[in-house]
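Next comes query-v6.cif, a file with mmCIF, C-alpha atoms.
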data_upload
loop_
_atom_site.label_atom_id
_atom_site.label_comp_id
_atom_site.auth_asym_id
_atom_site.auth_seq_id
_atom_site.Cartn_x
_atom_site.Cartn_y
_atom_site.Cartn_z
CA MET A 1 -9.68 4.63 5.24
CA ILE A 2 -9.22 7.22 7.97
CA ALA A 3 -5.82 5.80 8.94
CA LEU A 4 -4.46 6.21 5.40
CA TRP A 5 -5.98 9.68 5.13
CA MET A 6 -4.29 10.72 8.40
CA LEU A 7 -0.94 9.36 7.23
CA SER A 8 -1.33 11.21 3.94
CA ALA A 9 -2.12 14.49 5.70
CA ILE A 10 0.89 14.06 8.01
CA VAL A 11 3.27 13.54 5.08
CA PHE A 12 1.79 16.54 3.25
CA ALA A 13 2.10 18.82 6.31
CA ALA A 14 5.67 17.67 6.92
CA LEU A 15 6.67 18.63 3.36
CA LEU A 16 4.98 22.01 3.74
CA GLY A 17 6.83 22.52 7.02
CA VAL A 18 10.18 21.89 5.33
CA ALA A 19 9.27 24.32 2.55
CA ALA A 20 8.22 26.93 5.11
CA TRP A 21 11.55 26.53 6.95
CA PHE A 22 13.49 27.31 3.78
CA GLY A 23 11.08 30.14 2.99
CA GLU A 24 11.59 31.69 6.42
CA ARG A 25 15.35 31.46 5.98
CA ALA A 26 15.16 33.28 2.66
CA LEU A 27 12.92 36.01 4.07
CA ARG A 28 15.12 36.53 7.14
CA LEU A 29 18.22 36.89 4.97
CA ALA A 30 16.33 39.41 2.86
CA GLY A 31 15.35 41.36 5.98
CA ARG A 32 11.62 40.61 5.55
CA PRO A 33 8.98 39.41 8.06
CA ALA A 34 8.48 35.67 7.86
CA ARG A 35 5.39 34.82 9.86
CA GLY A 36 3.26 34.71 6.71
CA VAL A 37 5.06 31.67 5.30
CA TRP A 38 4.35 29.65 8.46
CA LEU A 39 0.73 30.75 8.60
CA PHE A 40 0.27 29.70 4.98
CA ALA A 41 1.87 26.30 5.67
CA LEU A 42 -0.45 25.83 8.65
CA ALA A 43 -3.56 26.76 6.68
CA ALA A 44 -2.64 24.58 3.69
CA GLY A 45 -1.62 21.62 5.84
CA ALA A 46 -4.90 21.76 7.76
CA LEU A 47 -7.38 22.57 4.98
CA TRP A 48 -6.04 20.91 1.83
CA PRO A 49 -6.38 17.24 2.89
CA ALA A 50 -10.02 17.95 3.78
CA LEU A 51 -10.69 19.71 0.46
CA VAL A 52 -9.09 17.11 -1.84
CA PRO A 53 -11.89 14.50 -1.53
CA LEU A 54 -14.44 17.23 -2.30
CA LEU A 55 -12.48 18.40 -5.35
CA ARG A 56 -12.21 14.82 -6.57
CA ARG A 57 -15.99 14.51 -6.56
CA LEU A 58 -16.39 17.83 -8.38
CA ARG A 59 -13.79 16.97 -11.04
CA PRO A 60 -15.45 15.70 -14.25
CA ALA A 61 -15.04 11.99 -14.91
CA GLY A 62 -12.05 11.18 -17.07
CA GLU A 63 -10.38 14.54 -16.54
CA PRO A 64 -6.79 14.20 -15.26
CA ALA A 65 -6.03 15.55 -11.81
CA ALA A 66 -4.48 19.00 -11.77
CA ALA A 67 -1.28 19.89 -9.94
CA GLY A 68 -2.03 19.99 -6.27
CA VAL A 69 -4.85 17.45 -6.69
CA ALA A 70 -2.22 14.78 -7.18
CA ILE A 71 -0.93 14.36 -3.60
CA LEU A 72 -1.64 11.92 -0.77
CA ASN A 73 -1.96 8.88 -3.09
CA ALA A 74 1.63 7.71 -2.66
CA VAL A 75 0.90 6.59 0.88
CA ARG A 76 -1.81 4.19 -0.28
CA ILE A 77 0.67 1.41 0.19
CA VAL A 78 -1.85 -1.42 0.18
CA PRO A 79 -3.92 -2.18 -2.92
CA ASP A 80 -7.57 -1.22 -2.71
CA ARG A 81 -8.62 -4.87 -3.06
CA VAL A 82 -6.68 -5.84 0.07
CA THR A 83 -7.54 -2.66 1.99
CA THR A 84 -11.29 -2.88 1.54
CA ALA A 85 -11.31 -6.59 2.34
CA ALA A 86 -9.41 -6.23 5.62
CA SER A 87 -11.84 -6.86 8.44
CA TRP A 88 -9.78 -4.91 10.99
CA LEU A 89 -9.85 -1.59 9.12
CA PRO A 90 -13.37 -0.57 10.21
CA VAL A 91 -12.43 -1.27 13.83
CA LEU A 92 -9.21 0.73 13.49
CA ASP A 93 -11.09 3.62 11.89
CA ARG A 94 -13.62 3.74 14.70
CA MET A 95 -10.84 3.69 17.29
CA LEU A 96 -8.98 6.52 15.54
CA LEU A 97 -12.17 8.58 15.32
CA ALA A 98 -12.85 8.09 19.03
CA VAL A 99 -9.28 9.05 20.00
CA TRP A 100 -9.41 12.05 17.63
CA ILE A 101 -12.65 13.35 19.14
CA LEU A 102 -11.41 12.77 22.69
CA CYS A 103 -8.09 14.58 22.14
CA SER A 104 -9.77 17.50 20.36
CA ALA A 105 -12.34 17.82 23.14
CA MET A 106 -9.61 17.83 25.80
CA LEU A 107 -7.59 20.50 24.00
CA LEU A 108 -10.63 22.68 23.39
CA LEU A 109 -11.58 22.35 27.06
CA ARG A 110 -8.08 23.37 28.03
CA TYR A 111 -8.26 26.45 25.80
CA LEU A 112 -11.70 27.31 27.19
CA LEU A 113 -10.31 27.21 30.72
CA ALA A 114 -7.36 29.35 29.61
CA TRP A 115 -9.74 31.89 28.09
CA ARG A 116 -11.68 32.05 31.35
CA ALA A 117 -8.40 32.50 33.23
CA VAL A 118 -7.45 35.43 31.00
CA ARG A 119 -10.84 37.06 31.56
CA ALA A 120 -10.46 36.66 35.32
CA MET A 121 -6.95 38.08 35.07
CA ARG A 122 -8.25 41.16 33.25
CA ARG A 123 -10.96 41.75 35.82
CA SER A 124 -8.50 41.57 38.70
CA ALA A 125 -5.84 43.77 37.04
CA GLU A 126 -5.55 47.49 37.75
CA CYS A 127 -6.13 49.77 34.80
CA THR A 128 -3.66 52.67 34.72
CA GLU A 129 -1.43 54.72 32.44
CA VAL A 130 2.31 54.09 32.13
CA ASP A 131 4.47 56.47 30.06
CA GLY A 132 1.41 57.65 28.18
CA VAL A 133 0.12 54.13 27.41
CA ARG A 134 -3.06 52.63 28.90
CA VAL A 135 -2.12 49.27 30.47
CA LEU A 136 -3.35 46.68 32.91
CA VAL A 137 -1.12 46.05 35.92
CA SER A 138 -1.07 42.68 37.71
CA GLN A 139 1.00 41.36 40.55
CA GLN A 140 2.91 38.64 38.68
CA ILE A 141 1.61 37.97 35.15
CA GLY A 142 3.23 39.54 32.09
CA PRO A 143 4.48 41.39 30.18
CA ALA A 144 1.83 40.16 27.73
CA VAL A 145 -1.13 41.13 25.56
CA VAL A 146 -4.50 39.81 26.74
CA GLY A 147 -7.81 39.72 24.92
CA VAL A 148 -8.70 39.24 21.27
CA ARG A 149 -11.27 41.80 20.15
CA ASP A 150 -10.19 44.31 22.80
CA ALA A 151 -6.52 43.44 23.26
CA ALA A 152 -4.74 45.24 26.09
CA VAL A 153 -1.17 45.35 27.41
CA LEU A 154 -0.71 43.54 30.72
CA LEU A 155 2.35 44.43 32.82
CA PRO A 156 3.58 42.95 36.10
CA ARG A 157 4.07 45.53 38.82
CA ALA A 158 7.82 44.89 38.81
CA VAL A 159 8.12 46.43 35.32
CA LEU A 160 7.05 49.79 36.72
CA ASP A 161 10.30 49.87 38.74
CA LEU A 162 12.53 49.40 35.68
CA ASP A 163 14.63 52.11 34.11
CA ALA A 164 12.51 54.31 31.82
CA SER A 165 14.45 53.26 28.69
CA LEU A 166 13.99 49.54 29.46
CA ARG A 167 10.34 50.03 30.33
CA ALA A 168 9.83 51.81 27.01
CA LEU A 169 11.19 48.76 25.17
CA VAL A 170 8.78 46.48 27.03
CA LEU A 171 5.83 48.71 26.17
CA ARG A 172 6.96 49.03 22.56
CA HIS A 173 7.12 45.24 22.15
CA GLU A 174 3.65 44.65 23.53
CA GLU A 175 2.15 47.55 21.56
CA GLU A 176 3.56 46.02 18.38
CA HIS A 177 1.70 42.80 19.19
CA VAL A 178 -1.52 44.77 19.63
CA ARG A 179 -1.09 46.61 16.30
CA ALA A 180 -0.35 43.35 14.46
CA ARG A 181 -3.41 41.64 16.01
CA ASP A 182 -1.21 38.74 17.05
CA THR A 183 -3.73 37.52 19.62
CA TRP A 184 -6.06 36.60 16.74
CA LEU A 185 -3.27 34.63 15.09
CA LEU A 186 -2.45 32.80 18.32
CA LEU A 187 -6.12 31.85 18.67
CA ILE A 188 -6.11 30.46 15.12
CA LEU A 189 -2.95 28.45 15.84
CA ALA A 190 -4.50 26.98 18.98
CA LEU A 191 -7.80 26.04 17.30
CA THR A 192 -6.04 24.46 14.31
CA VAL A 193 -3.91 22.25 16.52
CA ALA A 194 -6.95 21.33 18.63
CA THR A 195 -8.94 20.38 15.52
CA LEU A 196 -6.19 18.09 14.16
CA PRO A 197 -4.31 16.93 17.25
CA TRP A 198 -2.93 13.82 15.54
CA ASN A 199 -1.07 15.82 12.87
CA LEU A 200 2.29 16.27 14.62
CA PRO A 201 3.89 18.34 11.80
CA LEU A 202 1.12 20.93 12.34
CA TRP A 203 2.16 21.19 16.01
CA TRP A 204 5.70 21.95 14.87
CA ILE A 205 4.48 24.44 12.24
CA ALA A 206 2.32 26.18 14.87
CA ARG A 207 5.30 26.40 17.23
CA ARG A 208 7.50 27.86 14.51
CA ALA A 209 4.73 30.30 13.60
CA ARG A 210 4.59 31.53 17.18
CA LEU A 211 8.37 32.00 17.18
CA ALA A 212 8.08 33.89 13.88
CA LEU A 213 5.49 36.22 15.43
CA GLU A 214 7.95 37.12 18.19
CA VAL A 215 10.94 37.50 15.86
CA ASP A 216 8.93 39.79 13.57
CA CYS A 217 7.84 41.82 16.58
CA ASP A 218 11.47 42.09 17.72
CA ALA A 219 12.44 43.28 14.25
CA ARG A 220 9.81 46.03 14.32
CA VAL A 221 11.03 47.20 17.73
CA LEU A 222 14.62 47.36 16.48
CA ALA A 223 13.51 49.10 13.27
CA ALA A 224 11.99 51.83 15.44
CA GLY A 225 15.49 52.69 16.70
CA ALA A 226 15.95 50.44 19.74
CA SER A 227 19.41 49.19 20.63
CA ALA A 228 19.87 45.45 20.06
CA ASP A 229 22.05 45.15 23.20
CA ARG A 230 19.55 46.94 25.42
CA TYR A 231 16.66 44.98 23.95
CA SER A 232 18.46 41.67 24.54
CA GLN A 233 18.96 42.75 28.14
CA VAL A 234 15.20 43.30 28.49
CA LEU A 235 14.51 39.82 27.11
CA LEU A 236 16.96 38.23 29.56
CA LEU A 237 15.42 40.08 32.48
CA ALA A 238 11.91 38.99 31.45
CA ALA A 239 13.08 35.37 31.08
CA GLN A 240 14.40 35.32 34.67
CA ARG A 241 11.02 36.17 36.18
CA ARG A 242 8.63 34.92 33.51
CA SER A 243 5.11 34.08 34.60
CA ALA A 244 2.91 32.57 31.92
CA ALA A 245 -0.31 34.03 30.60
CA PRO A 246 -2.21 31.38 28.59
CA LEU A 247 -2.90 31.97 24.87
CA THR A 248 -1.25 35.41 24.92
CA PRO A 249 1.79 36.86 23.15
CA MET A 250 4.39 37.63 25.80
CA LEU A 251 7.73 39.36 25.86
CA VAL A 252 9.32 35.96 26.61
CA ALA A 253 6.70 33.26 26.07
CA SER A 254 9.22 30.42 25.78
CA ARG A 255 12.75 30.25 27.15
CA SER A 256 13.61 27.74 24.41
CA HIS A 257 12.87 30.46 21.83
CA LEU A 258 14.88 33.15 23.61
CA GLU A 259 18.25 32.12 22.18
CA ARG A 260 16.85 31.98 18.63
CA ARG A 261 15.36 35.44 18.99
CA ILE A 262 18.66 36.92 20.18
CA VAL A 263 20.55 35.16 17.37
CA ALA A 264 17.98 36.51 14.87
CA MET A 265 18.61 40.04 16.14
CA GLN A 266 22.36 39.60 15.79
CA GLU A 267 21.97 38.27 12.26
CA ARG A 268 19.75 41.20 11.37
CA THR A 269 22.41 43.70 12.45
CA ALA A 270 25.02 41.86 10.34
CA LEU A 271 22.94 41.59 7.15
CA GLU A 272 24.20 44.83 5.63
CA SER A 273 27.81 43.62 5.60
CA ARG A 274 27.20 40.33 3.79
CA GLY A 275 26.73 41.74 0.32
CA ARG A 276 26.99 39.21 -2.49
CA MET A 277 27.18 36.22 -0.15
CA ARG A 278 23.84 37.26 1.33
CA THR A 279 22.27 37.40 -2.13
CA TRP A 280 23.43 33.88 -2.96
CA ARG A 281 22.11 32.54 0.34
CA VAL A 282 18.71 34.15 -0.27
CA ALA A 283 18.60 32.62 -3.76
CA ALA A 284 19.59 29.16 -2.48
CA SER A 285 17.02 29.20 0.32
CA THR A 286 14.32 30.42 -2.05
CA ALA A 287 15.11 27.66 -4.55
CA ALA A 288 14.98 25.01 -1.81
CA CYS A 289 11.63 26.40 -0.61
CA VAL A 290 10.15 26.33 -4.11
CA MET A 291 11.43 22.82 -4.86
CA THR A 292 10.03 21.41 -1.63
CA ALA A 293 6.69 23.14 -2.20
CA VAL A 294 6.51 21.71 -5.73
CA VAL A 295 7.14 18.22 -4.35
CA ALA A 296 4.38 18.74 -1.77
CA TRP A 297 1.80 19.95 -4.29
CA THR A 298 2.53 17.83 -7.37
CA ALA A 299 4.08 14.56 -6.18
CA PRO A 300 1.57 11.75 -5.69
CA ILE A 301 1.00 12.51 -2.00
CA ALA A 302 -1.77 15.12 -1.92
CA GLY A 303 -4.25 14.76 -4.71
CA GLN A 304 -5.86 11.32 -4.79
CA THR A 305 -6.15 11.22 -1.02
CA PRO A 306 -8.32 8.50 0.47
CA THR A 307 -11.63 9.92 1.62
CA PRO A 308 -11.67 10.29 5.45
CA ARG A 309 -14.47 7.83 6.20
CA PRO A 310 -14.63 4.37 7.76
CA ALA A 311 -13.44 1.58 5.49
CA ASP A 312 -16.10 -0.20 3.47
CA THR A 313 -15.74 -3.97 3.30
CA THR A 314 -18.25 -4.35 0.44
CA ALA A 315 -16.68 -6.05 -2.54
CA ARG A 316 -16.31 -3.75 -5.49
CA PRO A 317 -14.47 -3.99 -8.80
CA ARG A 318 -11.12 -2.41 -9.31
CA GLN A 319 -11.25 0.89 -11.14
CA VAL A 320 -8.66 -0.12 -13.73
CA ALA A 321 -8.62 -0.42 -17.52
CA GLU A 322 -7.16 -3.97 -17.58
CA PRO A 323 -9.60 -6.89 -17.85
CA TYR A 324 -10.02 -9.38 -15.04
CA PHE A 325 -8.90 -12.99 -15.03
CA GLU A 326 -11.49 -15.67 -14.36
CA PHE A 327 -10.22 -16.36 -10.83
CA GLN A 328 -10.73 -12.68 -9.94
CA VAL A 329 -14.43 -12.43 -10.80
CA GLU A 330 -17.44 -13.69 -8.88
CA LYS A 331 -19.41 -14.72 -11.96
CA PRO A 332 -17.26 -15.58 -15.01
CA VAL A 333 -18.13 -15.10 -18.67
CA GLN A 334 -20.58 -17.64 -20.12
CA PHE A 335 -21.19 -18.46 -23.77
CA ALA A 336 -24.71 -17.35 -24.76
CA SER A 337 -27.08 -19.84 -26.35
CA SER A 338 -28.12 -17.26 -28.95
CA SER A 339 -24.55 -16.69 -30.09
CA GLY A 340 -23.26 -17.35 -33.58
CA HIS A 341 -20.63 -20.01 -34.38
CA PRO A 342 -17.64 -20.30 -36.68
CA THR A 343 -18.37 -21.90 -40.05
CA TYR A 344 -16.55 -25.09 -40.99
CA PRO A 345 -14.23 -24.25 -43.92
CA ALA A 346 -15.65 -25.98 -47.02
CA GLU A 347 -12.26 -27.16 -48.30
CA LEU A 348 -11.30 -28.81 -45.01
CA LYS A 349 -14.76 -30.28 -44.57
CA ALA A 350 -14.63 -31.82 -48.06
CA ALA A 351 -11.21 -33.23 -47.26
CA LYS A 352 -12.57 -34.55 -43.94
CA VAL A 353 -9.95 -32.65 -41.96
CA SER A 354 -10.72 -32.04 -38.27
CA GLY A 355 -8.98 -29.58 -36.02
CA GLU A 356 -9.03 -27.15 -33.14
CA VAL A 357 -8.27 -23.47 -32.51
CA LEU A 358 -7.34 -22.18 -29.06
CA ALA A 359 -8.06 -18.43 -29.01
CA GLN A 360 -7.73 -15.68 -26.43
CA PHE A 361 -9.73 -12.43 -26.33
CA VAL A 362 -11.48 -9.99 -24.01
CA VAL A 363 -15.25 -10.01 -23.52
CA ASP A 364 -16.51 -6.54 -22.64
CA THR A 365 -19.31 -5.50 -20.24
CA LEU A 366 -21.91 -5.85 -23.02
CA GLY A 367 -20.96 -9.43 -23.87
CA TYR A 368 -19.15 -8.63 -27.14
CA VAL A 369 -15.65 -9.73 -28.13
CA GLN A 370 -13.13 -6.91 -28.35
CA LEU A 371 -11.71 -7.72 -31.79
CA SER A 372 -8.43 -5.92 -31.17
CA THR A 373 -7.62 -8.35 -28.34
CA TYR A 374 -8.01 -11.51 -30.44
CA LYS A 375 -4.96 -13.77 -30.27
CA VAL A 376 -4.44 -17.34 -31.50
CA LEU A 377 -2.61 -19.51 -28.98
CA LYS A 378 -2.83 -22.72 -31.00
CA SER A 379 -4.32 -23.74 -34.36
CA ASP A 380 -4.33 -26.94 -36.42
CA HIS A 381 -4.87 -25.10 -39.73
CA GLN A 382 -4.82 -21.54 -41.03
CA LEU A 383 -8.31 -21.87 -42.48
CA PHE A 384 -9.65 -22.83 -39.04
CA THR A 385 -7.96 -19.68 -37.66
CA GLU A 386 -9.64 -17.51 -40.31
CA ALA A 387 -13.02 -19.12 -39.62
CA VAL A 388 -12.83 -18.26 -35.91
CA LYS A 389 -11.65 -14.72 -36.65
CA ASN A 390 -14.52 -14.12 -39.10
CA ALA A 391 -17.04 -15.41 -36.54
CA LEU A 392 -15.89 -13.16 -33.69
CA PRO A 393 -18.39 -10.31 -34.40
CA THR A 394 -21.26 -12.80 -34.18
CA LEU A 395 -20.23 -14.35 -30.85
CA ARG A 396 -22.30 -13.35 -27.82
CA TYR A 397 -21.53 -13.91 -24.12
CA THR A 398 -22.98 -13.20 -20.70
CA PRO A 399 -20.53 -10.67 -19.17
CA ALA A 400 -18.52 -11.39 -16.02
CA GLU A 401 -19.65 -9.76 -12.74
CA ILE A 402 -18.17 -8.58 -9.46
CA GLY A 403 -20.53 -7.41 -6.73
CA GLY A 404 -23.40 -7.29 -9.23
CA ARG A 405 -21.46 -5.02 -11.59
CA LYS A 406 -20.45 -6.14 -15.10
CA VAL A 407 -16.72 -6.10 -15.83
CA LYS A 408 -14.37 -7.09 -18.64
CA GLN A 409 -12.81 -10.56 -18.55
CA LEU A 410 -9.96 -12.18 -20.41
CA VAL A 411 -11.23 -15.43 -21.96
CA GLN A 412 -9.43 -18.42 -23.49
CA GLN A 413 -11.67 -20.63 -25.57
CA SER A 414 -11.21 -23.75 -27.65
CA PHE A 415 -13.15 -23.99 -30.96
CA THR A 416 -13.39 -27.59 -32.18
CA PHE A 417 -13.99 -28.48 -35.84
CA ALA A 418 -15.21 -32.10 -35.99
CA MET A 419 -16.63 -34.10 -38.89
CA ASP A 420 -19.63 -35.31 -36.89
CA ASN A 421 -21.03 -31.70 -36.77
CA SER A 422 -21.86 -29.42 -39.66
CA THR A 423 -21.30 -26.40 -37.47
CA VAL A 424 -18.78 -25.76 -34.79
CA GLY A 425 -19.35 -25.06 -31.10
CA PRO A 426 -16.88 -23.47 -28.69
CA VAL A 427 -15.62 -25.22 -25.61
CA GLN A 428 -14.58 -22.89 -22.80
CA ILE A 429 -11.49 -23.93 -20.84
CA PRO A 430 -10.26 -22.50 -17.50
CA ASN A 431 -8.19 -19.36 -17.72
CA PRO A 432 -4.59 -19.64 -16.51
CA LYS A 433 -3.70 -17.96 -13.28
CA LYS A 434 -2.46 -14.41 -13.42
CA PRO A 435 1.32 -14.36 -14.11
CA ARG A 436 3.43 -13.38 -11.15
#
Show this structure as structure tokens.
Amino acid sequence: MIALWMLSAIVFAALLGVAAWFGERALRLAGRPARGVWLFALAAGALWPALVPLLRRLRPAGEPAAAGVAILNAVRIVPDRVTTAASWLPVLDRMLLAVWILCSAMLLLRYLLAWRAVRAMRRSAECTEVDGVRVLVSQQIGPAVVGVRDAAVLLPRAVLDLDASLRALVLRHEEEHVRARDTWLLLILALTVATLPWNLPLWWIARRARLALEVDCDARVLAAGASADRYSQVLLLAAQRRSAAPLTPMLVASRSHLERRIVAMQERTALESRGRMRTWRVAASTAACVMTAVVAWTAPIAGQTPTPRPADTTARPRQVAEPYFEFQVEKPVQFASSSGHPTYPAELKAAKVSGEVLAQFVVDTLGYVQLSTYKVLKSDHQLFTEAVKNALPTLRYTPAEIGGRKVKQLVQQSFTFAMDNSTVGPVQIPNPKKPR
């Protein structure tokens, strides 16, 4: 069932990503930092599908699933009976597990090599002080922040030749990353993606989260009094000579994000003039975010998620309240030799009247007739019908079985009243096929 579990987790993460997009829009219009909404979407999309199977086991039997433990069931497109019987599912699950482990190992190895590259970069950089700030100076790499526990600003030597006002903006940007501990967040993003490399919506969420980190950092720089025009000039200069530092927040980490960051700065400067229109846009984006989040957490996509384990081909009964038909069980119901029988009505016996009653009822897992399910399909006399009905509590059966487990079965049985017998015995007839 790993394939269905993966598909469920992908759908769930995609819905969370859409909700986070609307949430970011609302927060930007309100002039608030928005990285938190993407980090929450990433954490929920990665952790919740793994927690749902555990919560299902902890939930008391018979208790309805709570909101949020109702997702990931809609993608169970194939019935359990067909899914568990498919011989190719175990092979598919093993293949998916092997590919999953291989991709995760490759990504983790890549990040390990990047971490070693950053450490080598720090050792080779020159430690100095620029405009009152302790920095590391390299030949080409930067501007960036390197390190996690002991984060430090890394500047390329070319930045030292910039105008003092432009250099101050570069330093301010990188110092904001250090204060916000953004290197820790980038490490979490990388490890999450490496752990679930098949979940493509999480890749997109992680990318948007990284963009949100930079936009929030830009907003803090501008809030400190920097000019938006001058700051945009610094970003364009950095983009022209960008040299990447792996797993580090940089002044311009992605040229594809540069335009969005500049647009975000322009929108921020225009927020004050929007007035009522801005309020309505915030409200609309917030409503869309909430609605999408409600769909993600309460629609049948994320609560009854298939457990992420290889498919089991062992036959097992359906976990449903409806009884089985005879063609669906391995061992059908049998009439017990110790069972009671209907009594021949005295009036009809004296009149030498014979007859038959065709009845339908459900035999439970203990071998008793469920009286509420009794139905007469055909009867030659009302007194015969009453005789069968009165005898139902005394009838005993051997219950039907599937995989060694007793289940309910719908039974149709003919009770014959003949003059050559003083008592009546039932004759079991085949059940009809399940209606289409």
Could you tell me, as an NGL selection string, exactly which residues end up selected when the PyMOL selection byres ((chain A and resi 108) around 12) is applied to this structure? :A and (101-107 or 109-115 or 187 or 190-197)
Ground truth for the PyMOL selection byres ((chain A and resi 373-389) around 8), written as a PyMOL selection string: chain A and resi 342-345+348+355-362+370-372+390-392+415+417
Applying 6 Å and all atoms listed in the file, which residues near range 403-411 of chain A remain after dropping the ones on its own chain fewer than 3 positions away? List them as number ranges by chain. A: 315-316, 323-325, 360-365, 400
Residues picked by the PyMOL selection byres ((chain A and resi 34-46) around 6) here, as an NGL selection string? :A and (13 or 16 or 20 or 24 or 27 or 33 or 47-48 or 209 or 212-213)
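For the pair CA of Ile10 in chain A and CA of Ala50 in chain A, the separation is 12.3 Å.
Every protein, DNA or RNA residue with an atom at most 10 Å from Ser337 in chain A, where only C-alpha atoms count and chain neighbours fewer than 2 positions away do not, is listed here: Gln334, Phe335, Ser339, Gly340, Leu395, Arg396, Tyr397 and Thr398 of chain A.
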Work out how far CA of Trp184 in chain A is from CA of Val148 in chain A, in Å to one decimal.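 Result for CA of Val148 in chain A versus CA of Trp184 in chain A: 5.9 Å, one decimal.
Nearest residue to Ile2 in chain A, choosing from A:Ile205, A:Leu97, A:Val294, A:Ala144 and counting all atoms listed in the file: A:Leu97.
Take the candidates A:Asp229, A:Glu347, A:Asp182, A:Asp163 and check each one against Gly147 in chain A using all atoms listed in the file; the shortest distance goes to A:Asp182.
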Between CA of Thr416 in chain A and CA of Gly367 in chain A - distance in Å to one decimal: 21.4 Å
Which residue, A:Leu366, A:Ala418, A:Met265, A:Val52, has the smallest gap to Ser8 in chain A when you use all atoms listed in the file?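 Under the stated criterion, the closest residue is A:Val52.
Closest approach to Arg94 in chain A among A:Ala180, A:Leu169, A:Ala3, A:Ala152 is made by A:Ala3 (distances from only C-alpha atoms).
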Who sits within 12 Å of Asp218 in chain A, only C-alpha atoms, same chain under 2 positions skipped, as a PyMOL selection string: chain A and resi 33+169-170+172-177+211-216+220-228+231-232+234-235+250-252+258+260-266+268
Considering all atoms listed in the file, can you say which of A:Gln412, A:Gln140, A:Ser165, A:Asn199 comes closest to Met6 in chain A?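 So, comparing all the options, the nearest one is A:Asn199.
If you measure from each of A:Ala336, A:Leu154, A:Ala19, A:Ala164 to Met291 in chain A using only C-alpha atoms, the closest one turns out to be A:Ala19.
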